[in-house]
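Undergrad: I am sharing data16.cif, which consists of mmCIF, C-alpha atoms:
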```cif
data_protein
#
loop_
_atom_site.group_PDB
_atom_site.id
_atom_site.type_symbol
_atom_site.label_atom_id
_atom_site.label_comp_id
_atom_site.auth_asym_id
_atom_site.auth_seq_id
_atom_site.Cartn_x
_atom_site.Cartn_y
_atom_site.Cartn_z
ATOM 1 C CA MET A 1 0.000 0.000 0.000
ATOM 2 C CA THR A 2 1.338 3.453 -0.908
ATOM 3 C CA ARG A 3 2.116 5.734 1.957
ATOM 4 C CA PRO A 4 -0.270 8.637 2.457
ATOM 5 C CA VAL A 5 0.981 12.038 1.322
ATOM 6 C CA VAL A 6 1.117 14.302 4.358
ATOM 7 C CA VAL A 7 1.315 18.055 4.853
ATOM 8 C CA LEU A 8 2.426 19.048 8.346
ATOM 9 C CA VAL A 9 1.195 22.368 9.758
ATOM 10 C CA GLU A 10 3.199 23.545 12.752
ATOM 11 C CA PRO A 11 3.847 27.254 13.361
ATOM 12 C CA ARG A 12 6.696 26.636 15.804
ATOM 13 C CA HIS A 13 9.788 26.334 13.661
ATOM 14 C CA LEU A 14 11.939 24.226 15.991
ATOM 15 C CA VAL A 15 9.136 21.821 16.850
ATOM 16 C CA ARG A 16 8.335 21.476 13.157
ATOM 17 C CA GLU A 17 11.911 20.564 12.274
ATOM 18 C CA ALA A 18 12.162 18.013 15.060
ATOM 19 C CA LEU A 19 8.797 16.474 14.161
ATOM 20 C CA VAL A 20 9.659 16.141 10.505
ATOM 21 C CA GLU A 21 12.966 14.506 11.278
ATOM 22 C CA ALA A 22 11.408 12.003 13.658
ATOM 23 C CA LEU A 23 8.370 11.217 11.496
ATOM 24 C CA VAL A 24 10.358 10.811 8.280
ATOM 25 C CA ASP A 25 13.529 9.156 9.576
ATOM 26 C CA ASP A 26 12.148 6.992 12.365
ATOM 27 C CA HIS A 27 8.668 6.197 11.103
ATOM 28 C CA GLY A 28 8.861 6.524 7.301
ATOM 29 C CA VAL A 29 6.029 9.036 7.055
ATOM 30 C CA HIS A 30 5.847 10.739 3.650
ATOM 31 C CA ILE A 31 5.791 14.434 4.527
ATOM 32 C CA ALA A 32 5.536 16.250 1.214
ATOM 33 C CA ALA A 33 5.404 19.768 2.644
ATOM 34 C CA THR A 34 5.512 21.684 5.892
ATOM 35 C CA THR A 35 3.675 24.945 6.501
ATOM 36 C CA ASP A 36 2.909 27.404 9.268
ATOM 37 C CA ASP A 37 -0.280 29.237 8.226
ATOM 38 C CA VAL A 38 -3.625 28.746 6.514
ATOM 39 C CA THR A 39 -2.795 30.142 3.086
ATOM 40 C CA SER A 40 0.412 28.182 2.555
ATOM 41 C CA THR A 41 -1.261 25.007 3.876
ATOM 42 C CA VAL A 42 -4.076 25.223 1.351
ATOM 43 C CA ILE A 43 -1.648 25.940 -1.495
ATOM 44 C CA GLN A 44 0.675 23.083 -0.526
ATOM 45 C CA ALA A 45 -2.142 20.609 0.100
ATOM 46 C CA GLN A 46 -3.404 21.241 -3.408
ATOM 47 C CA ARG A 47 0.077 21.210 -4.970
ATOM 48 C CA VAL A 48 1.216 17.898 -3.448
ATOM 49 C CA ARG A 49 -2.293 16.341 -3.611
ATOM 50 C CA ALA A 50 -2.183 15.681 0.118
ATOM 51 C CA ASP A 51 -4.042 12.706 1.564
ATOM 52 C CA VAL A 52 -3.727 13.953 5.137
ATOM 53 C CA VAL A 53 -3.066 17.382 6.626
ATOM 54 C CA VAL A 54 -1.693 17.076 10.144
ATOM 55 C CA VAL A 55 -2.375 20.283 12.075
ATOM 56 C CA ALA A 56 -0.546 20.937 15.330
ATOM 57 C CA ASN A 57 -2.912 22.305 17.955
ATOM 58 C CA SER A 58 -1.794 25.909 18.230
ATOM 59 C CA PRO A 59 -3.580 29.148 19.138
ATOM 60 C CA GLU A 60 -1.833 30.710 16.162
ATOM 61 C CA LEU A 61 -3.784 28.545 13.696
ATOM 62 C CA PRO A 62 -7.464 29.333 13.061
ATOM 63 C CA LEU A 63 -8.681 25.750 12.699
ATOM 64 C CA PRO A 64 -12.227 26.602 11.469
ATOM 65 C CA VAL A 65 -10.864 28.680 8.583
ATOM 66 C CA LEU A 66 -8.243 26.078 7.726
ATOM 67 C CA CYS A 67 -10.764 23.211 7.727
ATOM 68 C CA GLN A 68 -13.217 25.201 5.615
ATOM 69 C CA GLN A 69 -10.614 26.094 2.991
ATOM 70 C CA LEU A 70 -9.259 22.539 2.846
ATOM 71 C CA HIS A 71 -12.779 21.135 2.486
ATOM 72 C CA ASP A 72 -13.329 23.486 -0.454
ATOM 73 C CA LEU A 73 -10.404 22.005 -2.409
ATOM 74 C CA GLU A 74 -11.207 19.908 -5.456
ATOM 75 C CA ARG A 75 -9.541 16.949 -3.754
ATOM 76 C CA PRO A 76 -10.027 17.680 -0.040
ATOM 77 C CA PRO A 77 -7.481 16.011 2.231
ATOM 78 C CA ARG A 78 -8.331 14.378 5.526
ATOM 79 C CA ILE A 79 -7.571 16.605 8.523
ATOM 80 C CA LEU A 80 -5.953 15.395 11.740
ATOM 81 C CA LEU A 81 -5.452 17.674 14.745
ATOM 82 C CA ALA A 82 -2.300 16.681 16.610
ATOM 83 C CA ASP A 83 -2.070 17.625 20.262
ATOM 84 C CA SER A 84 0.669 17.215 22.839
ATOM 85 C CA GLN A 85 -1.694 16.138 25.628
ATOM 86 C CA PRO A 86 -5.391 15.160 25.798
ATOM 87 C CA ASP A 87 -7.606 18.227 25.661
ATOM 88 C CA GLN A 88 -11.343 17.516 25.535
ATOM 89 C CA ASP A 89 -12.117 21.115 24.486
ATOM 90 C CA ALA A 90 -9.688 20.896 21.575
ATOM 91 C CA LEU A 91 -11.192 17.575 20.476
ATOM 92 C CA LEU A 92 -14.750 18.957 20.604
ATOM 93 C CA HIS A 93 -13.684 22.047 18.676
ATOM 94 C CA ALA A 94 -11.881 19.961 16.047
ATOM 95 C CA ILE A 95 -14.886 17.728 15.419
ATOM 96 C CA GLU A 96 -17.289 20.677 15.341
ATOM 97 C CA VAL A 97 -15.259 22.549 12.727
ATOM 98 C CA GLY A 98 -14.912 19.507 10.509
ATOM 99 C CA ALA A 99 -11.617 17.801 11.335
ATOM 100 C CA ASP A 100 -11.622 14.044 10.784
ATOM 101 C CA GLY A 101 -9.643 13.098 13.829
ATOM 102 C CA TYR A 102 -7.608 13.984 16.865
ATOM 103 C CA SER A 103 -4.353 12.586 18.147
ATOM 104 C CA SER A 104 -3.920 13.235 21.857
ATOM 105 C CA GLY A 105 -0.167 12.747 22.101
ATOM 106 C CA VAL A 106 -0.552 10.085 24.797
ATOM 107 C CA LYS A 107 0.998 7.399 22.601
ATOM 108 C CA GLY A 108 3.764 9.681 21.371
ATOM 109 C CA LEU A 109 4.913 9.706 17.777
ATOM 110 C CA ALA A 110 3.857 6.094 17.245
ATOM 111 C CA GLY A 111 0.289 7.112 18.099
ATOM 112 C CA LEU A 112 0.450 10.007 15.662
ATOM 113 C CA VAL A 113 1.758 7.744 12.882
ATOM 114 C CA GLU A 114 -1.021 5.234 13.561
ATOM 115 C CA ALA A 115 -3.613 8.026 13.493
ATOM 116 C CA ILE A 116 -2.276 9.266 10.131
ATOM 117 C CA GLU A 117 -2.615 5.773 8.651
ATOM 118 C CA VAL A 118 -6.123 5.247 10.029
ATOM 119 C CA ILE A 119 -7.364 8.640 8.901
ATOM 120 C CA ALA A 120 -5.845 8.164 5.434
ATOM 121 C CA ARG A 121 -8.007 5.040 5.084
ATOM 122 C CA GLY A 122 -11.085 7.218 5.464
ATOM 123 C CA GLU A 123 -11.817 6.393 9.078
ATOM 124 C CA SER A 124 -12.261 8.857 11.927
ATOM 125 C CA VAL A 125 -9.789 8.974 14.792
ATOM 126 C CA VAL A 126 -10.836 9.726 18.352
ATOM 127 C CA PRO A 127 -8.818 8.436 21.325
ATOM 128 C CA PRO A 128 -10.969 5.694 22.922
ATOM 129 C CA ALA A 129 -10.930 7.246 26.395
ATOM 130 C CA MET A 130 -12.121 10.577 24.996
ATOM 131 C CA LEU A 131 -15.010 9.272 22.873
ATOM 132 C CA GLY A 132 -17.627 9.022 25.647
ATOM 133 C CA PRO A 133 -17.114 12.564 26.986
ATOM 134 C CA LEU A 134 -17.032 13.874 23.389
ATOM 135 C CA LEU A 135 -20.392 12.292 22.538
ATOM 136 C CA ARG A 136 -21.859 13.615 25.786
ATOM 137 C CA ARG A 137 -20.735 17.156 25.035
ATOM 138 C CA LEU A 138 -22.022 16.979 21.464
ATOM 139 C CA ILE A 139 -25.388 15.857 22.811
ATOM 140 C CA GLU A 140 -25.372 18.754 25.306
ATOM 141 C CA ARG A 141 -24.675 21.127 22.410
ATOM 142 C CA GLN A 142 -27.590 19.612 20.464
ATOM 143 C CA ARG A 143 -29.883 20.175 23.438
ATOM 144 C CA GLU A 144 -28.726 23.773 23.921
ATOM 145 C CA ALA A 145 -29.271 24.456 20.214
ATOM 146 C CA ALA A 146 -32.741 22.909 20.362
ATOM 147 C CA GLN A 147 -33.679 24.997 23.411
ATOM 148 C CA ALA A 148 -32.350 28.164 21.797
ATOM 149 C CA ALA A 149 -34.228 27.349 18.595
ATOM 150 C CA GLU A 150 -37.431 27.050 20.618
ATOM 151 C CA ARG A 151 -36.826 30.525 22.025
ATOM 152 C CA LEU A 152 -36.041 31.852 18.559
ATOM 153 C CA VAL A 153 -39.376 30.614 17.246
ATOM 154 C CA LYS A 154 -41.087 32.954 19.734
ATOM 155 C CA LEU A 155 -39.574 35.986 18.027
ATOM 156 C CA THR A 156 -41.573 37.899 15.437
ATOM 157 C CA PRO A 157 -40.007 38.315 11.967
ATOM 158 C CA ARG A 158 -39.078 41.896 12.877
ATOM 159 C CA GLU A 159 -37.474 40.792 16.145
ATOM 160 C CA ARG A 160 -35.448 38.178 14.238
ATOM 161 C CA GLN A 161 -34.208 40.912 11.919
ATOM 162 C CA VAL A 162 -33.248 42.983 14.940
ATOM 163 C CA LEU A 163 -31.390 40.024 16.469
ATOM 164 C CA GLY A 164 -29.619 39.348 13.172
ATOM 165 C CA LEU A 165 -28.426 42.960 12.995
ATOM 166 C CA LEU A 166 -27.369 42.822 16.645
ATOM 167 C CA VAL A 167 -25.263 39.738 15.865
ATOM 168 C CA ASP A 168 -23.775 41.676 12.936
ATOM 169 C CA GLY A 169 -22.505 44.220 15.483
ATOM 170 C CA LEU A 170 -25.017 47.053 15.095
ATOM 171 C CA ASP A 171 -26.207 49.078 18.109
ATOM 172 C CA HIS A 172 -29.780 50.334 18.398
ATOM 173 C CA ASP A 173 -29.022 53.437 16.326
ATOM 174 C CA GLY A 174 -27.537 51.276 13.587
ATOM 175 C CA ILE A 175 -30.461 48.859 13.739
ATOM 176 C CA ALA A 176 -32.887 51.795 13.539
ATOM 177 C CA ALA A 177 -31.124 53.174 10.462
ATOM 178 C CA GLU A 178 -30.984 49.776 8.784
ATOM 179 C CA LEU A 179 -34.683 49.057 9.330
ATOM 180 C CA TYR A 180 -35.922 52.650 8.775
ATOM 181 C CA ILE A 181 -37.441 52.830 12.257
ATOM 182 C CA SER A 182 -36.856 55.232 15.140
ATOM 183 C CA PRO A 183 -34.126 54.496 17.691
ATOM 184 C CA GLU A 184 -36.841 54.228 20.376
ATOM 185 C CA THR A 185 -38.650 51.542 18.357
ATOM 186 C CA ALA A 186 -35.352 49.707 17.813
ATOM 187 C CA ARG A 187 -34.692 49.861 21.558
ATOM 188 C CA THR A 188 -38.159 48.453 22.283
ATOM 189 C CA HIS A 189 -37.619 45.606 19.808
ATOM 190 C CA LEU A 190 -34.261 44.859 21.392
ATOM 191 C CA GLN A 191 -35.716 44.724 24.883
ATOM 192 C CA ARG A 192 -38.399 42.287 23.704
ATOM 193 C CA VAL A 193 -35.778 40.127 21.991
ATOM 194 C CA LEU A 194 -33.691 39.938 25.165
ATOM 195 C CA ARG A 195 -36.746 39.097 27.266
ATOM 196 C CA LYS A 196 -37.961 36.373 24.893
ATOM 197 C CA LEU A 197 -34.491 34.839 24.661
ATOM 198 C CA GLY A 198 -34.228 34.885 28.444
ATOM 199 C CA VAL A 199 -30.937 36.791 28.453
ATOM 200 C CA ARG A 200 -29.933 39.900 30.378
ATOM 201 C CA SER A 201 -27.775 41.744 27.869
ATOM 202 C CA ARG A 202 -26.975 42.127 24.187
ATOM 203 C CA VAL A 203 -23.670 40.405 24.781
ATOM 204 C CA GLU A 204 -25.495 37.385 26.216
ATOM 205 C CA ALA A 205 -27.872 37.348 23.243
ATOM 206 C CA ILE A 206 -24.959 37.374 20.799
ATOM 207 C CA ALA A 207 -23.183 34.669 22.800
ATOM 208 C CA LEU A 208 -26.333 32.530 22.794
ATOM 209 C CA VAL A 209 -26.573 32.761 19.035
ATOM 210 C CA ALA A 210 -22.874 32.004 18.595
ATOM 211 C CA GLN A 211 -22.697 29.141 21.101
ATOM 212 C CA THR A 212 -25.664 27.276 19.763
ATOM 213 C CA GLY A 213 -24.833 27.624 16.112
ATOM 214 C CA LEU A 214 -27.963 29.595 15.441
ATOM 215 C CA ALA A 215 -26.288 32.171 13.206
ATOM 216 C CA ASP A 216 -26.953 30.218 10.000
ATOM 217 C CA ARG A 217 -30.447 29.319 11.097
ATOM 218 C CA LEU A 218 -31.172 32.940 11.987
ATOM 219 C CA GLU A 219 -29.947 34.100 8.594
ATOM 220 C CA ARG A 220 -32.168 31.582 6.836
ATOM 221 C CA ILE A 221 -35.178 32.588 8.894
ATOM 222 C CA VAL A 222 -34.531 36.270 8.244
ATOM 223 C CA GLU A 223 -34.105 35.612 4.531
ATOM 224 C CA ARG A 224 -37.329 33.667 4.483
ATOM 225 C CA SER A 225 -39.271 36.281 6.395
ATOM 226 C CA ALA A 226 -37.924 39.030 4.152
ATOM 227 C CA SER A 227 -38.806 37.322 0.865
ATOM 228 C CA MET B 1 -47.738 0.764 21.530
ATOM 229 C CA THR B 2 -44.564 2.408 22.835
ATOM 230 C CA THR B 3 -41.587 1.590 20.646
ATOM 231 C CA LYS B 4 -37.962 1.659 21.768
ATOM 232 C CA VAL B 5 -37.483 4.843 19.774
ATOM 233 C CA HIS B 6 -39.770 6.551 22.278
ATOM 234 C CA ARG B 7 -38.024 5.104 25.336
ATOM 235 C CA LEU B 8 -34.629 5.720 26.876
ATOM 236 C CA PRO B 9 -31.841 3.170 27.341
ATOM 237 C CA VAL B 10 -30.730 2.818 30.959
ATOM 238 C CA ARG B 11 -27.566 0.968 31.951
ATOM 239 C CA ARG B 12 -27.254 -1.184 35.041
ATOM 240 C CA THR B 13 -25.406 0.488 37.855
ATOM 241 C CA ASP B 14 -24.378 -2.665 39.711
ATOM 242 C CA VAL B 15 -21.684 -3.758 37.249
ATOM 243 C CA ARG B 16 -18.036 -2.768 37.416
ATOM 244 C CA LEU B 17 -16.306 -1.104 34.482
ATOM 245 C CA ILE B 18 -12.590 -1.509 33.912
ATOM 246 C CA ASP B 19 -10.919 0.461 31.116
ATOM 247 C CA GLU B 20 -7.960 -1.100 29.372
ATOM 248 C CA ASP B 21 -5.895 0.274 26.498
ATOM 249 C CA THR B 22 -8.137 -0.434 23.514
ATOM 250 C CA ARG B 23 -11.123 -2.063 25.190
ATOM 251 C CA SER B 24 -13.204 -1.991 28.345
ATOM 252 C CA VAL B 25 -14.520 -4.821 30.452
ATOM 253 C CA LEU B 26 -17.851 -4.882 32.274
ATOM 254 C CA ILE B 27 -17.861 -7.270 35.202
ATOM 255 C CA ASP B 28 -21.242 -8.565 36.303
ATOM 256 C CA ASP B 29 -20.564 -9.999 39.762
ATOM 257 C CA THR B 30 -24.144 -11.122 40.315
ATOM 258 C CA GLN B 31 -24.097 -13.332 37.212
ATOM 259 C CA GLY B 32 -20.393 -14.094 37.423
ATOM 260 C CA VAL B 33 -19.769 -13.009 33.817
ATOM 261 C CA THR B 34 -17.665 -10.392 32.031
ATOM 262 C CA HIS B 35 -18.397 -8.487 28.848
ATOM 263 C CA VAL B 36 -15.778 -6.903 26.590
ATOM 264 C CA LEU B 37 -16.674 -3.594 24.950
ATOM 265 C CA ASN B 38 -14.889 -1.809 22.123
ATOM 266 C CA PRO B 39 -14.441 1.972 22.497
ATOM 267 C CA THR B 40 -17.648 2.839 20.631
ATOM 268 C CA ALA B 41 -19.732 0.345 22.615
ATOM 269 C CA ARG B 42 -18.088 1.672 25.783
ATOM 270 C CA ALA B 43 -19.107 5.251 24.870
ATOM 271 C CA ILE B 44 -22.663 4.169 24.062
ATOM 272 C CA TRP B 45 -22.841 2.267 27.359
ATOM 273 C CA GLU B 46 -21.774 5.398 29.219
ATOM 274 C CA LEU B 47 -24.533 7.413 27.554
ATOM 275 C CA CYS B 48 -27.263 4.954 28.557
ATOM 276 C CA ASP B 49 -28.018 7.218 31.502
ATOM 277 C CA GLY B 50 -31.789 7.310 31.271
ATOM 278 C CA THR B 51 -31.829 10.830 29.782
ATOM 279 C CA THR B 52 -30.192 10.352 26.382
ATOM 280 C CA THR B 53 -32.438 9.418 23.506
ATOM 281 C CA LEU B 54 -31.593 7.075 20.662
ATOM 282 C CA ASP B 55 -31.791 9.990 18.222
ATOM 283 C CA GLU B 56 -29.354 12.058 20.262
ATOM 284 C CA LEU B 57 -26.912 9.161 20.364
ATOM 285 C CA VAL B 58 -27.202 8.580 16.626
ATOM 286 C CA ASP B 59 -26.781 12.276 15.759
ATOM 287 C CA ALA B 60 -23.621 12.519 17.880
ATOM 288 C CA ILE B 61 -22.174 9.349 16.329
ATOM 289 C CA CYS B 62 -22.928 10.750 12.844
ATOM 290 C CA GLN B 63 -21.056 13.945 13.661
ATOM 291 C CA VAL B 64 -17.974 12.215 15.023
ATOM 292 C CA PHE B 65 -17.634 9.436 12.476
ATOM 293 C CA SER B 66 -19.085 11.248 9.442
ATOM 294 C CA VAL B 67 -21.389 8.350 8.618
ATOM 295 C CA PRO B 68 -24.913 8.545 7.156
ATOM 296 C CA HIS B 69 -27.744 8.615 9.687
ATOM 297 C CA GLY B 70 -29.020 5.187 8.611
ATOM 298 C CA VAL B 71 -25.624 3.561 9.146
ATOM 299 C CA ALA B 72 -25.207 5.117 12.585
ATOM 300 C CA LEU B 73 -28.744 4.134 13.579
ATOM 301 C CA ARG B 74 -28.130 0.536 12.548
ATOM 302 C CA ASP B 75 -24.826 0.360 14.432
ATOM 303 C CA VAL B 76 -26.095 2.025 17.611
ATOM 304 C CA ALA B 77 -29.213 -0.151 17.600
ATOM 305 C CA ALA B 78 -27.024 -3.260 17.198
ATOM 306 C CA VAL B 79 -24.845 -2.278 20.167
ATOM 307 C CA LEU B 80 -27.879 -1.515 22.317
ATOM 308 C CA ALA B 81 -29.488 -4.825 21.342
ATOM 309 C CA GLN B 82 -26.350 -6.692 22.406
ATOM 310 C CA LEU B 83 -26.204 -4.806 25.692
ATOM 311 C CA GLU B 84 -29.894 -5.537 26.250
ATOM 312 C CA ASP B 85 -29.452 -9.227 25.420
ATOM 313 C CA ALA B 86 -26.626 -9.347 27.956
ATOM 314 C CA GLY B 87 -28.946 -7.846 30.565
ATOM 315 C CA LEU B 88 -26.783 -4.746 30.875
ATOM 316 C CA VAL B 89 -29.229 -2.192 29.496
ATOM 317 C CA ALA B 90 -32.974 -1.874 29.904
ATOM 318 C CA TRP B 91 -35.437 0.531 28.308
ATOM 319 C CA GLY B 92 -36.953 3.118 30.609
ATOM 320 C CA PRO B 93 -39.760 5.624 30.101
ATOM 321 C CA ASN B 94 -39.205 8.866 28.226
ATOM 322 C CA ASP B 95 -40.855 11.574 30.276
ATOM 323 C CA GLY B 96 -41.084 14.084 27.495
ATOM 324 C CA GLN B 97 -37.481 14.873 26.609
ATOM 325 C CA GLY B 98 -38.053 14.018 22.961
ATOM 326 C CA VAL B 99 -37.300 11.041 20.806
#
```
Would it be possible to restate this file's structure as structure tokens?

TA:
Amino acid sequence: MTRPVVVLVEPRHLVREALVEALVDDHGVHIAATTDDVTSTVIQAQRVRADVVVVANSPELPLPVLCQQLHDLERPPRILLADSQPDQDALLHAIEVGADGYSSGVKGLAGLVEAIEVIARGESVVPPAMLGPLLRRLIERQREAAQAAERLVKLTPRERQVLGLLVDGLDHDGIAAELYISPETARTHLQRVLRKLGVRSRVEAIALVAQTGLADRLERIVERSAS
Amino acid sequence: MTTKVHRLPVRRTDVRLIDEDTRSVLIDDTQGVTHVLNPTARAIWELCDGTTTLDELVDAICQVFSVPHGVALRDVAAVLAQLEDAGLVAWGPNDGQGV
């Protein structure tokens, strides 16, 4: 079986060099390119026709953007998030933004190599001990989204527009201008939105929409109500 | 008639769970038997807490393993059936949390 073509994304230069040396020399991994940001990763993944993109878990790398751009490629590679220690938040985030697997670092480089091989075969990789908590948290997210959606249904079409504009960053003056209503009317709409959503502030309302993944749903509802 | 879809799987609490590297073992002291679970079965077992619905389980499995809903439903149902046959999971009432 041919070895999977791998692109390694690691912003830390020294770590990247050490990883490449160990993966290539000691484990025979075919690393066709190394990168340190989103743009170069997408370009290299396309150029080398990568089977797997291994992304080091780093605050410097915006994983959602990277996953989205890799998924949009004509031949999308599989995406593996490589961590140095088990992090349930990182795993949840990776799965939610569309990564195909997560290597926790517990089994060292051998574990990472195994994960690359498994993911290249089209399977998903989740460390066994982390699967249960991951499923539980995904289910909790589903429930939160369902509850938030129920609250959203209570909003009138106008209130949904107001909430959508609030999420876009407009204050009540901006919302008033956008909807051709008075600032007082916009303020009244906003107060009703907050009350119906059961939140105390605009920040909480925006967080509720963001946390529960309602942004897309809200946009669709607003589009529908406007057409 | 109430189908299983409308009820909630509940695991037994009087069995011991031991996690090993790539598998877990459930020890049923009352029957004197052990049951070996793979990681997915282990995760499903853990979620048989009397509040999680079959649909919730299937949706979460779909998201993690990127499999079609029908495939996940078949696999989860098969695991639950095996756990039920082994007397490790029973089906409890769903008091309105959805299906």

Undergrad: Counting only C-alpha atoms, what is within 10 Å of stretch 179-190 of chain A, bar same-chain residues fewer than 3 positions away, as a ChimeraX atom specification?

TA: /A:155-156,158-163,165-166,171-176,193-196,201-202

Undergrad: Let's have the selection written as a PDB file, keeping the file's coordinate frame, with C-alpha atoms.

TA:
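selection19.pdb was written with the following content:
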```
ATOM      1  CA  LEU A 155     -39.574  35.986  18.027  1.00  0.00           C
ATOM      2  CA  THR A 156     -41.573  37.899  15.437  1.00  0.00           C
ATOM      3  CA  ARG A 158     -39.078  41.896  12.877  1.00  0.00           C
ATOM      4  CA  GLU A 159     -37.474  40.792  16.145  1.00  0.00           C
ATOM      5  CA  ARG A 160     -35.448  38.178  14.238  1.00  0.00           C
ATOM      6  CA  GLN A 161     -34.208  40.912  11.919  1.00  0.00           C
ATOM      7  CA  VAL A 162     -33.248  42.983  14.940  1.00  0.00           C
ATOM      8  CA  LEU A 163     -31.390  40.024  16.469  1.00  0.00           C
ATOM      9  CA  LEU A 165     -28.426  42.960  12.995  1.00  0.00           C
ATOM     10  CA  LEU A 166     -27.369  42.822  16.645  1.00  0.00           C
ATOM     11  CA  ASP A 171     -26.207  49.078  18.109  1.00  0.00           C
ATOM     12  CA  HIS A 172     -29.780  50.334  18.398  1.00  0.00           C
ATOM     13  CA  ASP A 173     -29.022  53.437  16.326  1.00  0.00           C
ATOM     14  CA  GLY A 174     -27.537  51.276  13.587  1.00  0.00           C
ATOM     15  CA  ILE A 175     -30.461  48.859  13.739  1.00  0.00           C
ATOM     16  CA  ALA A 176     -32.887  51.795  13.539  1.00  0.00           C
ATOM     17  CA  VAL A 193     -35.778  40.127  21.991  1.00  0.00           C
ATOM     18  CA  LEU A 194     -33.691  39.938  25.165  1.00  0.00           C
ATOM     19  CA  ARG A 195     -36.746  39.097  27.266  1.00  0.00           C
ATOM     20  CA  LYS A 196     -37.961  36.373  24.893  1.00  0.00           C
ATOM     21  CA  SER A 201     -27.775  41.744  27.869  1.00  0.00           C
ATOM     22  CA  ARG A 202     -26.975  42.127  24.187  1.00  0.00           C
TER      23      ARG A 202
END
```

Undergrad: Report, in Å to a single decimal, how far apart atom CA of B:Thr52 and atom CA of A:Arg151 are.

TA: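 According to the coordinates, atom CA of A:Arg151 and atom CA of B:Thr52 are separated by 21.7 Å.
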
Undergrad: Give me the residues near B:Val36 as a count of residues only, where near means some atom within 9 Å (using only C-alpha atoms) and where sequence neighbours in that chain fewer than 6 positions away do not count.

TA: 6

Undergrad: Given the file shown, determine the residues that the PyMOL selection byres ((chain A) within 6 of (chain B)) selects; report them as a PyMOL selection string.

TA: chain A and resi 124+128+132+135+138

Undergrad: Step by step: start from the point (-22.5, -13.2, 37.4) in the file's coordinates, keep every protein, DNA or RNA residue that has an atom no farther than 12 Å from it, count all atoms listed in the file, and write the set as a PyMOL selection string.

TA: chain B and resi 14-16+26-35+86-88

Undergrad: Specify as a VMD selection string each residue included when the PyMOL selection byres ((chain A and resi 126) around 8) is applied to this file.

TA: chain A and resid 101 to 103 124 to 125 127 to 128 130 to 131

Undergrad: Which residues, named as in the file, does the PyMOL selection byres ((chain A and resi 77) around 7) pick out? Answer as a PyMOL selection string.

TA: chain A and resi 50-53+70+75-76+78-79

Undergrad: Kindly give the distance, in Å, that separates atom CA of A:Glu123 and atom CA of A:Asp100, rounded to a single decimal.

TA: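 Calculated distance between atom CA of A:Glu123 and atom CA of A:Asp100 is 7.8 Å.
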